[in-house]
Structure formats: structure tokens, C-alpha cells
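Taking it in order: structure first as C-alpha cells, then the write-up.
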Amino acid sequence: MSTDHRTEAERLLASADTAIAAALEKGLPIEDQQHAAVLTGILTNRALGHAMLAQGQTVSAEVSAMRAALITWRSIVAHAVAWNLSFAETDEQHEPWVELAEQLKRAGLDITDDVDIITPQFGKDARGVWKPPTVQREDHLRWCAEMPTPWSNPTAAPDTTEQ
């Protein structure tokens, strides 16, 4: 019995649509959202593989549509991770999104570069958002303490201009 790769790709993409909807459902616990996002990536990746095998069974326009679906999924997940890393106020809010990015990377779906490109759109430092909020605050306080001020420079010439 041979596999109908087109049908299998469509089935997997339909499952991925359901999983990404769950991943974006704010009412679910964060762990369930993460698992749904990882599952979406795996399903979409498998669908793409079947789509490639189906090139002999489908027209290239349909394969292009499946590739577009993968690109859309990647963008949605990368934006969700970037936003949640950027605006996490506690380490507990931050940690699951770092873990999701790591799980995706292990699954061959690395979104790190995408997140690094997106975070400046939120006014955040791409390197800094990967650090937990407590570390980010410590880095900021350390930077402020080390930042020279005009009155902290003993070698600066005194201001002798008259008022």
C-alpha cells in the first residue's frame, strides 16, 4: 500500500492549524501552549516532508502553499516568543518561552535568529531578552552605576564660566 503524500501533508497541516490555535490560546496554562507550539512545528515539518515527496503527485503551486504555511507558522511562533520574552516581568513568566525556543531548536526548528530580529521592534535588546528579568535588572543597575557622570570625573577641569 503506497502513501498518498499529498493527503498526508494536508492532514498534518490541518492538525498543525489546530495545534497552533491551542498554542496561541491565552486561557491555557503556559506549558500547554508551549507543547502545542512544539507539536505545531513538528507536524508542519512532517507535512513539508510529505509535500516534497508528493511533488510527483501534486502541482508545485500546492507545494508552495504548504511552504508558505510553514513560513507563516514560524513567524507566528517567533513573534509570540519574542513578545513574551520582551515583556516578561518575572523569571517564572520568562522561563517557559526560553524553554520553548530551546525545544524548537532541538527539534530542528531554530527560531533564535527570528526572535533576535523581532525584539528590537518592541524596543528591546535582542541579546538581553534571552536573560531572565532579574538578570536584566541587575545588568541595568550595574550599567547605571558604572556610567560616568560629569561630577564623578576628578580629572575634568572645573567649570569656571561665570553665570
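Identifiers in this document derive from the order of the C-alpha cells: chains are assigned A, B, ..., residues are numbered from 1 separately in each chain, and ligands are numbered from 1 in order of occurrence.
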- Message: Need the shell around Ala51 (chain A): protein/DNA/RNA residues with any atom at most 12 Å away, counting only C-alpha atoms. Skip same-chain ones fewer than 6 positions apart. Format as number ranges by chain?
- Response: A: 3-13, 44-45, 57-70
Please build the interface table for region 4-59 of chain A against region 95-105 of chain A with a cut-off of 9 Å, listing for each qualifying residue the nearest atom pair and the distance in Å to one decimal; count only C-alpha atoms, order rows by chain and increasing number, and write it as a Markdown table.
```
| residue | atom | partner | partner_atom | distance |
| --- | --- | --- | --- | --- |
| A:Ile30 | CA | A:Pro96 | CA | 7.0 |
| A:Glu31 | CA | A:Pro96 | CA | 7.1 |
| A:Gln34 | CA | A:Leu100 | CA | 5.8 |
| A:His35 | CA | A:Leu100 | CA | 7.9 |
| A:Ala37 | CA | A:Leu100 | CA | 7.9 |
| A:Val38 | CA | A:Leu104 | CA | 6.1 |
| A:Gly41 | CA | A:Leu104 | CA | 7.4 |
| A:Ile42 | CA | A:Leu104 | CA | 8.7 |
```
Write out, as an mmCIF file, in the first residue's frame, the residues just selected, with N, CA, C and O atoms.
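Just written: again-v4.cif:
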```cif
data_model
loop_
_atom_site.group_PDB
_atom_site.id
_atom_site.type_symbol
_atom_site.label_atom_id
_atom_site.label_comp_id
_atom_site.auth_asym_id
_atom_site.auth_seq_id
_atom_site.Cartn_x
_atom_site.Cartn_y
_atom_site.Cartn_z
ATOM 1 N N ILE A 30 0.687 27.911 30.421
ATOM 2 C CA ILE A 30 1.832 28.179 29.549
ATOM 3 C C ILE A 30 2.476 26.888 29.053
ATOM 4 O O ILE A 30 2.892 26.810 27.904
ATOM 5 N N GLU A 31 2.520 25.865 29.901
ATOM 6 C CA GLU A 31 3.126 24.601 29.496
ATOM 7 C C GLU A 31 2.349 23.981 28.339
ATOM 8 O O GLU A 31 2.934 23.438 27.406
ATOM 9 N N GLN A 34 3.111 25.879 25.198
ATOM 10 C CA GLN A 34 4.432 25.501 24.686
ATOM 11 C C GLN A 34 4.378 24.169 23.948
ATOM 12 O O GLN A 34 4.916 24.034 22.859
ATOM 13 N N HIS A 35 3.748 23.189 24.575
ATOM 14 C CA HIS A 35 3.672 21.871 23.958
ATOM 15 C C HIS A 35 2.934 21.952 22.624
ATOM 16 O O HIS A 35 3.338 21.309 21.643
ATOM 17 N N ALA A 37 2.810 24.534 20.639
ATOM 18 C CA ALA A 37 3.675 25.194 19.657
ATOM 19 C C ALA A 37 4.730 24.229 19.123
ATOM 20 O O ALA A 37 5.005 24.198 17.917
ATOM 21 N N VAL A 38 5.309 23.430 20.008
ATOM 22 C CA VAL A 38 6.296 22.442 19.560
ATOM 23 C C VAL A 38 5.630 21.412 18.655
ATOM 24 O O VAL A 38 6.155 21.068 17.589
ATOM 25 N N GLY A 41 5.133 22.769 15.220
ATOM 26 C CA GLY A 41 6.363 22.747 14.429
ATOM 27 C C GLY A 41 6.673 21.376 13.886
ATOM 28 O O GLY A 41 7.040 21.226 12.710
ATOM 29 N N ILE A 42 6.514 20.375 14.709
ATOM 30 C CA ILE A 42 6.802 19.002 14.277
ATOM 31 C C ILE A 42 5.824 18.571 13.188
ATOM 32 O O ILE A 42 6.225 18.018 12.159
#
```
- Query: What's the 10 Å shell around Ala82 (chain A), counting only C-alpha atoms, without same-chain residues fewer than 2 positions away, as a PyMOL selection string?
  - Reply: chain A and resi 76-80+84-87+97-98+101+111-112+114-122+124+126+129-130
- Looking only at the backbone, which of the residues in chain A does DSSP tag as helix (DSSP H, G or I), as a PyMOL selection string? chain A and resi 5-23+30-56+60-87+91-106+112-122+128-130+133-146+150-152
- Note on the structure: Expressed in Å, the length from CA of Pro132 (chain A) to CA of Asp91 (chain A) is 5.3 Å
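Closest to Leu24 (chain A) among A:Ala107, A:Val81, A:Leu48, A:Ala88 is A:Val81, based on only C-alpha atoms.
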- Note on the structure: From CA of His50 (chain A) to CA of Ala21 (chain A) the spacing works out at 22.2 Å
- Message: For a test of reading the model, state the distance in Å between CA of Pro133 (chain A) and CA of Leu109 (chain A), rounded to one decimal.
- Response: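 Value for the CA of Pro133 (chain A)-CA of Leu109 (chain A) distance: 25.1 Å.
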- Among the residues A:Asp32, A:Leu43, A:His94, A:Ala16, the one that comes closest to Lys131 (chain A) [using only C-alpha atoms]: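 Of the candidates, the smallest distance to Lys131 (chain A) is held by A:His94.
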- Query: When distances are computed from only C-alpha atoms, which of A:Leu53, A:Gln33, A:Arg137, A:Asp17 shows the smallest separation from Glu89 (chain A)?
  - Reply: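 Result for the nearest residue to Glu89 (chain A): A:Arg137.
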